[in-house]
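Quick look at my_file01.cif (mmCIF, C-alpha atoms):
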data_coords
loop_
_atom_site.group_PDB
_atom_site.id
_atom_site.type_symbol
_atom_site.label_atom_id
_atom_site.label_comp_id
_atom_site.auth_asym_id
_atom_site.auth_seq_id
_atom_site.Cartn_x
_atom_site.Cartn_y
_atom_site.Cartn_z
ATOM 1 C CA TRP A 977 123.002 -119.215 112.321
ATOM 2 C CA THR A 978 119.676 -117.690 113.342
ATOM 3 C CA LYS A 979 118.477 -114.211 112.446
ATOM 4 C CA THR A 980 115.442 -112.173 113.455
ATOM 5 C CA THR A 981 113.808 -109.482 111.368
ATOM 6 C CA GLY A 982 110.902 -107.165 112.022
ATOM 7 C CA ASP A 983 109.754 -103.647 112.668
ATOM 8 C CA GLN A 984 108.835 -102.275 116.043
ATOM 9 C CA VAL A 985 107.280 -98.959 115.167
ATOM 10 C CA SER A 986 104.517 -97.847 117.541
ATOM 11 C CA PRO A 987 101.558 -97.887 117.263
ATOM 12 C CA ASN A 988 101.710 -100.342 114.331
ATOM 13 C CA ASP A 989 101.543 -104.048 115.015
ATOM 14 C CA THR A 990 103.446 -105.821 112.256
ATOM 15 C CA ASN A 991 104.071 -109.427 111.424
ATOM 16 C CA TYR A 992 106.179 -111.024 108.731
ATOM 17 C CA GLN A 993 105.281 -114.157 106.808
ATOM 18 C CA PHE A 994 108.122 -115.778 104.894
ATOM 19 C CA ARG A 995 106.499 -117.866 102.153
ATOM 20 C CA HIS A 996 109.361 -119.095 99.975
ATOM 21 C CA PHE A 997 113.112 -118.800 99.615
ATOM 22 C CA GLU A 998 115.769 -119.858 97.176
ATOM 23 C CA ILE A 999 119.438 -120.521 97.831
ATOM 24 C CA LEU A 1000 121.386 -118.635 95.187
ATOM 25 C CA PRO A 1001 124.487 -120.090 93.464
ATOM 26 C CA ASP A 1002 126.777 -118.062 95.776
ATOM 27 C CA LYS A 1003 124.910 -119.491 98.850
ATOM 28 C CA GLN A 1004 123.092 -116.223 99.541
ATOM 29 C CA LEU A 1005 119.325 -116.300 100.127
ATOM 30 C CA ILE A 1006 116.440 -114.584 98.378
ATOM 31 C CA ILE A 1007 113.274 -114.600 100.497
ATOM 32 C CA ILE A 1008 109.724 -113.655 99.510
ATOM 33 C CA GLY A 1009 106.775 -113.072 101.776
ATOM 34 C CA ASN A 1010 104.591 -110.331 103.102
ATOM 35 C CA ILE A 1011 104.290 -107.979 106.011
ATOM 36 C CA VAL A 1012 100.916 -107.275 107.627
ATOM 37 C CA ILE A 1013 100.592 -103.880 109.276
ATOM 38 C CA SER A 1014 98.041 -103.476 112.089
ATOM 39 C CA GLY A 1015 96.059 -106.387 110.642
ATOM 40 C CA GLU A 1016 94.797 -104.097 107.877
ATOM 41 C CA LYS A 1017 97.213 -104.047 104.947
ATOM 42 C CA GLY A 1018 99.446 -106.738 103.502
ATOM 43 C CA ILE A 1019 102.483 -105.779 101.453
ATOM 44 C CA ALA A 1020 104.642 -108.252 99.516
ATOM 45 C CA PHE A 1021 108.402 -108.047 100.036
ATOM 46 C CA LEU A 1022 111.650 -109.503 98.765
ATOM 47 C CA ILE A 1023 114.703 -109.744 101.040
ATOM 48 C CA LYS A 1024 118.214 -110.731 99.978
ATOM 49 C CA THR A 1025 120.703 -111.911 102.601
ATOM 50 C CA ASP A 1026 124.353 -112.833 102.542
ATOM 51 C CA THR A 1027 125.571 -116.325 103.433
ATOM 52 C CA LEU A 1028 125.348 -115.508 107.162
ATOM 53 C CA GLY A 1029 121.752 -114.265 106.970
ATOM 54 C CA ASN A 1030 122.618 -110.558 107.170
ATOM 55 C CA GLU A 1031 120.131 -108.514 105.163
ATOM 56 C CA GLN A 1032 121.663 -106.924 102.061
ATOM 57 C CA TRP A 1033 118.534 -105.263 100.733
ATOM 58 C CA ARG A 1034 114.749 -105.279 100.948
ATOM 59 C CA GLN A 1035 112.109 -104.246 98.404
ATOM 60 C CA TYR A 1036 108.329 -103.876 98.809
ATOM 61 C CA TYR A 1037 105.675 -104.532 96.161
ATOM 62 C CA PRO A 1038 102.376 -103.046 97.397
ATOM 63 C CA PHE A 1039 99.050 -103.682 95.711
ATOM 64 C CA TRP A 1040 95.686 -102.640 97.109
ATOM 65 C CA PRO A 1041 94.323 -103.872 99.489
ATOM 66 C CA HIS A 1042 96.416 -106.968 100.413
ATOM 67 C CA SER A 1043 99.380 -108.466 98.604
ATOM 68 C CA LYS A 1044 101.252 -111.646 99.474
ATOM 69 C CA GLY A 1045 104.624 -112.603 98.070
ATOM 70 C CA ILE A 1046 104.216 -116.252 97.051
ATOM 71 C CA ASN A 1047 107.165 -117.524 95.006
ATOM 72 C CA VAL A 1048 110.591 -116.292 93.814
ATOM 73 C CA ILE A 1049 113.181 -117.643 91.388
ATOM 74 C CA GLN A 1050 116.455 -116.229 90.158
ATOM 75 C CA THR A 1051 116.390 -115.623 86.412
ATOM 76 C CA PRO A 1052 119.312 -116.374 84.057
ATOM 77 C CA ASP A 1053 120.123 -112.641 83.757
ATOM 78 C CA GLY A 1054 120.824 -112.409 87.530
ATOM 79 C CA GLY A 1055 117.495 -110.772 88.359
ATOM 80 C CA PHE A 1056 114.431 -112.338 89.947
ATOM 81 C CA ALA A 1057 110.918 -113.353 88.954
ATOM 82 C CA LEU A 1058 108.352 -113.268 91.710
ATOM 83 C CA SER A 1059 104.673 -113.966 92.034
ATOM 84 C CA VAL A 1060 102.477 -111.681 94.116
ATOM 85 C CA TYR A 1061 98.931 -112.610 95.076
ATOM 86 C CA ASN A 1062 96.535 -109.700 95.526
ATOM 87 C CA TRP A 1063 93.230 -110.205 97.317
ATOM 88 C CA GLU A 1064 90.476 -108.557 99.327
ATOM 89 C CA PHE A 1065 88.566 -109.922 102.336
ATOM 90 C CA GLN A 1066 85.250 -111.597 101.411
ATOM 91 C CA SER A 1067 85.681 -110.912 97.714
ATOM 92 C CA VAL A 1068 85.300 -113.321 94.806
ATOM 93 C CA ILE A 1069 88.214 -111.583 93.064
ATOM 94 C CA ALA A 1070 91.916 -112.300 93.574
ATOM 95 C CA ASP A 1071 94.709 -111.560 91.124
ATOM 96 C CA ASN A 1072 98.203 -112.852 90.458
ATOM 97 C CA TYR A 1073 101.042 -110.641 89.341
ATOM 98 C CA LEU A 1074 104.265 -111.826 87.759
ATOM 99 C CA ILE A 1075 107.004 -109.296 88.518
ATOM 100 C CA LYS A 1076 110.475 -109.294 86.965
ATOM 101 C CA THR A 1077 113.218 -107.436 88.845
ATOM 102 C CA ASP A 1078 116.871 -106.660 88.395
ATOM 103 C CA SER A 1079 119.527 -108.111 90.731
ATOM 104 C CA LEU A 1080 118.667 -105.508 93.429
ATOM 105 C CA GLY A 1081 114.935 -106.230 93.408
ATOM 106 C CA ASN A 1082 113.995 -103.113 91.416
ATOM 107 C CA LYS A 1083 110.870 -103.776 89.358
ATOM 108 C CA GLN A 1084 111.535 -103.987 85.604
ATOM 109 C CA TRP A 1085 108.021 -105.050 84.573
ATOM 110 C CA GLN A 1086 104.861 -106.695 85.884
ATOM 111 C CA ARG A 1087 102.037 -108.644 84.287
ATOM 112 C CA LYS A 1088 98.604 -109.478 85.673
ATOM 113 C CA ILE A 1089 98.008 -113.210 85.281
ATOM 114 C CA GLY A 1090 94.674 -115.015 85.337
ATOM 115 C CA GLY A 1091 90.947 -114.792 84.934
ATOM 116 C CA PRO A 1092 88.170 -112.552 86.182
ATOM 117 C CA TYR A 1093 87.630 -114.256 89.549
ATOM 118 C CA HIS A 1094 89.494 -115.889 92.431
ATOM 119 C CA ASP A 1095 92.435 -117.656 90.781
ATOM 120 C CA GLY A 1096 94.819 -119.832 92.745
ATOM 121 C CA LYS A 1097 98.302 -118.615 93.618
ATOM 122 C CA LEU A 1098 100.968 -118.454 90.888
ATOM 123 C CA PHE A 1099 104.058 -120.689 91.196
ATOM 124 C CA LEU A 1100 107.161 -120.129 89.054
ATOM 125 C CA MET A 1101 110.080 -121.996 87.498
ATOM 126 C CA ASN A 1102 112.753 -121.319 84.900
ATOM 127 C CA SER A 1103 112.484 -123.119 81.584
ATOM 128 C CA ALA A 1104 115.358 -124.591 79.593
ATOM 129 C CA ASP A 1105 115.173 -121.717 77.076
ATOM 130 C CA SER A 1106 115.687 -119.000 79.766
ATOM 131 C CA SER A 1107 112.032 -118.003 80.003
ATOM 132 C CA ILE A 1108 109.665 -118.055 82.992
ATOM 133 C CA ILE A 1109 106.885 -120.614 83.400
ATOM 134 C CA GLY A 1110 104.042 -120.084 85.850
ATOM 135 C CA ALA A 1111 101.366 -122.512 87.035
ATOM 136 C CA TYR A 1112 98.131 -121.644 88.824
ATOM 137 C CA SER A 1113 94.469 -122.636 89.093
ATOM 138 C CA PHE A 1114 92.438 -120.558 86.631
ATOM 139 C CA CYS A 1115 88.919 -119.532 87.680
ATOM 140 C CA ASP A 1116 86.333 -118.021 85.365
ATOM 141 C CA SER A 1117 83.256 -119.435 87.088
ATOM 142 C CA VAL A 1118 81.996 -118.703 90.586
ATOM 143 C CA THR A 1119 78.705 -119.006 92.445
ATOM 144 C CA GLU A 1120 78.199 -116.194 94.921
ATOM 145 C CA GLY A 1121 76.788 -116.559 98.388
ATOM 146 C CA SER A 1122 77.956 -116.448 101.967
ATOM 147 C CA TYR A 1123 80.623 -118.963 100.924
ATOM 148 C CA PRO A 1124 81.394 -118.629 97.195
ATOM 149 C CA ASP A 1125 82.096 -121.772 95.172
ATOM 150 C CA TYR A 1126 85.010 -121.567 92.743
ATOM 151 C CA TYR A 1127 85.434 -123.792 89.697
ATOM 152 C CA THR A 1128 89.005 -124.006 88.471
ATOM 153 C CA ARG A 1129 91.276 -125.828 86.059
ATOM 154 C CA GLU A 1130 95.035 -125.927 85.637
ATOM 155 C CA SER A 1131 96.776 -123.174 83.736
ATOM 156 C CA LEU A 1132 100.332 -122.631 82.547
ATOM 157 C CA VAL A 1133 101.818 -119.386 81.231
ATOM 158 C CA LYS A 1134 105.215 -118.724 79.693
ATOM 159 C CA TYR A 1135 106.917 -115.315 79.499
ATOM 160 C CA ASP A 1136 110.283 -114.268 78.158
ATOM 161 C CA LEU A 1137 112.630 -112.165 80.317
ATOM 162 C CA TYR A 1138 111.286 -108.981 78.673
ATOM 163 C CA GLY A 1139 107.678 -109.558 79.738
ATOM 164 C CA ASN A 1140 106.356 -110.854 76.417
ATOM 165 C CA LEU A 1141 103.750 -113.623 76.649
ATOM 166 C CA ILE A 1142 104.934 -116.697 74.741
ATOM 167 C CA TRP A 1143 101.871 -118.843 75.494
ATOM 168 C CA ASP A 1144 98.950 -119.277 77.889
ATOM 169 C CA LYS A 1145 97.377 -122.744 78.125
ATOM 170 C CA LYS A 1146 94.464 -124.198 80.092
ATOM 171 C CA TYR A 1147 94.151 -127.906 80.910
ATOM 172 C CA GLY A 1148 91.478 -130.318 82.060
ATOM 173 C CA GLU A 1149 87.880 -129.844 83.077
ATOM 174 C CA TYR A 1150 86.671 -127.338 85.638
ATOM 175 C CA GLU A 1151 86.528 -128.823 89.108
ATOM 176 C CA PHE A 1152 85.160 -127.545 92.372
ATOM 177 C CA MET A 1153 87.838 -125.596 94.304
ATOM 178 C CA LYS A 1154 90.874 -127.439 92.938
ATOM 179 C CA TRP A 1155 94.035 -125.456 93.774
ATOM 180 C CA LEU A 1156 97.601 -126.033 92.558
ATOM 181 C CA LYS A 1157 100.246 -125.847 95.280
ATOM 182 C CA SER A 1158 103.583 -125.939 93.401
ATOM 183 C CA ILE A 1159 105.407 -126.410 90.101
ATOM 184 C CA ASN A 1160 108.448 -128.580 89.274
#
Here is the file; what I need is its structure written in the form of structure tokens.
Amino acid sequence: WTKTTGDQVSPNDTNYQFRHFEILPDKQLIIIGNIVISGEKGIAFLIKTDTLGNEQWRQYYPFWPHSKGINVIQTPDGGFALSVYNWEFQSVIADNYLIKTDSLGNKQWQRKIGGPYHDGKLFLMNSADSSIIGAYSFCDSVTEGSYPDYYTRESLVKYDLYGNLIWDKKYGEYEFMKWLKSIN
């Protein structure tokens, strides 16, 4: 099957970016991404479809000024954990948020993850003990200029399903603009 989604509300020009999806045990899909409205504001979203791609529900997770939905996993309690990347044009600051939802995408809690500057995007996985592990490139050093230089190292965080931090670990030496792209 093929499905199309989108909004055609004048005078707004919108575009959707699907960034990640997971096939659920019942063969339904959970999709994360973001919508950009008139090229000015990005809003992260989560869409759940049935096995034929028909939308069952949609939730938005806005942060100012631009948020991108990056990664989603289903948690052992039937809800979802998602990572949202919040950023601003030409800024040295970007933040990750770990959001835990119920089975309908309603936010239960959120945690800001990372350092004071432009961290890399957060990627998620379930752990064997039913907690959530996230991996990203941690940045606490930046040189400013017309093109800022970021110095990062690997970071892992672990949260329980109630939003309690279990641990936060940093690895390796700082390297120039090294960005993680996934977690397994």
(Q) If we count all atoms listed in the file and set the cut-off at 10 Å, which residues sit around Lys1017 of chain A, ignoring sequence neighbours fewer than 6 positions away in its own chain? Please answer as an NGL selection string. (A) :A and (990 or 1010-1011 or 1038-1043 or 1064)
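Atom to atom, atom CA of Cys1115 of chain A and atom CA of Tyr1073 of chain A stand 15.1 Å apart.
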**Q.** Matched chain/residue IDs from the PyMOL selection byres ((chain A and resi 1151) around 6), as a PyMOL selection string
**A.** chain A and resi 1127-1128+1150+1152+1154
Q: Fewer than 4 positions away in the same chain doesn't count, so skip those; otherwise give me all residues within 9 Å of Tyr1036 of chain A, counting all atoms listed in the file, as a list in words.
A: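 Residues near the query, excluding close chain neighbours: Asn1010, Ile1019, Ala1020, Phe1021, Leu1022, Ile1023 and Gly1081 of chain A.
Atom CA of Gly1054 of chain A sits 25.8 Å away from atom CA of Trp977 of chain A.
Atom CA of Gly1110 of chain A is found 6.4 Å from atom CA of Lys1134 of chain A.
Using the PyMOL selection byres ((chain A and resi 1142) around 10) on this structure selects Ser1107, Ile1108, Ile1109, Val1133, Lys1134, Tyr1135, Asp1136, Gly1139, Asn1140, Leu1141, Trp1143 and Asp1144 of chain A.
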(Q) Set the distance at 10 Å and use all atoms listed in the file: which residues neighbour Tyr1147 of chain A once local chain neighbours fewer than 4 positions away are removed? I'd like the list as a PyMOL selection string. (A) chain A and resi 1113-1114+1128-1132
For the PyMOL selection byres ((chain A and resi 1080) around 10), applied here, can you spell out every residue it catches as a PDB file with C-alpha atoms, in the coordinates of the input?
ATOM      1  CA  LEU A1022     111.650-109.503  98.765  1.00  0.00           C
ATOM      2  CA  ILE A1023     114.703-109.744 101.040  1.00  0.00           C
ATOM      3  CA  LYS A1024     118.214-110.731  99.978  1.00  0.00           C
ATOM      4  CA  GLN A1032     121.663-106.924 102.061  1.00  0.00           C
ATOM      5  CA  TRP A1033     118.534-105.263 100.733  1.00  0.00           C
ATOM      6  CA  ARG A1034     114.749-105.279 100.948  1.00  0.00           C
ATOM      7  CA  GLN A1035     112.109-104.246  98.404  1.00  0.00           C
ATOM      8  CA  GLY A1054     120.824-112.409  87.530  1.00  0.00           C
ATOM      9  CA  GLY A1055     117.495-110.772  88.359  1.00  0.00           C
ATOM     10  CA  PHE A1056     114.431-112.338  89.947  1.00  0.00           C
ATOM     11  CA  THR A1077     113.218-107.436  88.845  1.00  0.00           C
ATOM     12  CA  ASP A1078     116.871-106.660  88.395  1.00  0.00           C
ATOM     13  CA  SER A1079     119.527-108.111  90.731  1.00  0.00           C
ATOM     14  CA  GLY A1081     114.935-106.230  93.408  1.00  0.00           C
ATOM     15  CA  ASN A1082     113.995-103.113  91.416  1.00  0.00           C
ATOM     16  CA  LYS A1083     110.870-103.776  89.358  1.00  0.00           C
TER      17      LYS A1083
END
Selection near Leu1028 of chain A, 9 Å with all atoms listed in the file, sequence-local residues under 5 positions removed, as a PDB file with C-alpha atoms, in the coordinates of the input:
ATOM      1  CA  TRP A 977     123.002-119.215 112.321  1.00  0.00           C
ATOM      2  CA  THR A 978     119.676-117.690 113.342  1.00  0.00           C
ATOM      3  CA  LYS A 979     118.477-114.211 112.446  1.00  0.00           C
ATOM      4  CA  GLN A1004     123.092-116.223  99.541  1.00  0.00           C
TER       5      GLN A1004
END
Q | Close residues, Ile1008 of chain A itself excluded, 7 Å, only C-alpha atoms, min 3 positions apart in chain, as JSON, numbers by chain | A | {"A": [994, 995, 996, 997, 1021, 1022, 1023, 1045, 1046, 1047, 1048]}
Can you build me a table of segment 1013-1061 of chain A residues sitting at most 12 Å from segment 1087-1095 of chain A, with the closest atom pair per residue and its distance in Å to one decimal, using all atoms listed in the file, sorted by chain and residue number, as a Markdown table?
| residue | atom | partner | partner_atom | distance |
| --- | --- | --- | --- | --- |
| A:Phe1039 | CA | A:Lys1088 | CA | 11.6 |
| A:Ala1057 | CA | A:Arg1087 | CA | 11.1 |
| A:Leu1058 | CA | A:Arg1087 | CA | 10.8 |
| A:Ser1059 | CA | A:Ile1089 | CA | 9.5 |
| A:Val1060 | CA | A:Lys1088 | CA | 9.5 |
| A:Tyr1061 | CA | A:Asp1095 | CA | 9.3 |
Write to file, as a PDB file, keeping the file's coordinate frame, the residues of the selection just made, with C-alpha atoms.
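Once written, out_13.pdb looks like this:
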ATOM      1  CA  PHE A1039      99.050-103.682  95.711  1.00  0.00           C
ATOM      2  CA  ALA A1057     110.918-113.353  88.954  1.00  0.00           C
ATOM      3  CA  LEU A1058     108.352-113.268  91.710  1.00  0.00           C
ATOM      4  CA  SER A1059     104.673-113.966  92.034  1.00  0.00           C
ATOM      5  CA  VAL A1060     102.477-111.681  94.116  1.00  0.00           C
ATOM      6  CA  TYR A1061      98.931-112.610  95.076  1.00  0.00           C
TER       7      TYR A1061
END
Taking all atoms of segment 995-1008 of chain A that appear in the file, build a box with edges along x, y and z, extend it by 3 Å on every side, and state its centre and edge lengths in Å to one decimal, as AutoDock Vina command-line options.
--center_x 116.6 --center_y -117.1 --center_z 97.8 --size_x 26.3 --size_y 12.9 --size_z 14.7
Q.
Restricting the calculation to only C-alpha atoms: of A:Asp1026, A:Leu1137, A:Gly1018, A:Val1118, which residue gets closest to Lys1076 of chain A?
A.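 Using only C-alpha atoms, Lys1076 of chain A sits closest to A:Leu1137.
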Q: Could you check which of A:Thr1051, A:Asn991, A:Thr981, A:Thr1119 is closest to Ile1075 of chain A, using all atoms listed in the file?
A: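 Among the listed residues, A:Thr1051 lies closest to Ile1075 of chain A.
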Q: Could you give me, as a PyMOL selection string, the residues that sit within 12 Å of (126.9, -121.0, 99.5) in the file's coordinates, counting all atoms listed in the file?
A: chain A and resi 998-1005+1025-1029
Output C-alpha atoms for every residue in that selection, as a PDB file, in the coordinates of the input.
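What ended up in again-v4.pdb:
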ATOM      1  CA  GLU A 998     115.769-119.858  97.176  1.00  0.00           C
ATOM      2  CA  ILE A 999     119.438-120.521  97.831  1.00  0.00           C
ATOM      3  CA  LEU A1000     121.386-118.635  95.187  1.00  0.00           C
ATOM      4  CA  PRO A1001     124.487-120.090  93.464  1.00  0.00           C
ATOM      5  CA  ASP A1002     126.777-118.062  95.776  1.00  0.00           C
ATOM      6  CA  LYS A1003     124.910-119.491  98.850  1.00  0.00           C
ATOM      7  CA  GLN A1004     123.092-116.223  99.541  1.00  0.00           C
ATOM      8  CA  LEU A1005     119.325-116.300 100.127  1.00  0.00           C
ATOM      9  CA  THR A1025     120.703-111.911 102.601  1.00  0.00           C
ATOM     10  CA  ASP A1026     124.353-112.833 102.542  1.00  0.00           C
ATOM     11  CA  THR A1027     125.571-116.325 103.433  1.00  0.00           C
ATOM     12  CA  LEU A1028     125.348-115.508 107.162  1.00  0.00           C
ATOM     13  CA  GLY A1029     121.752-114.265 106.970  1.00  0.00           C
TER      14      GLY A1029
END
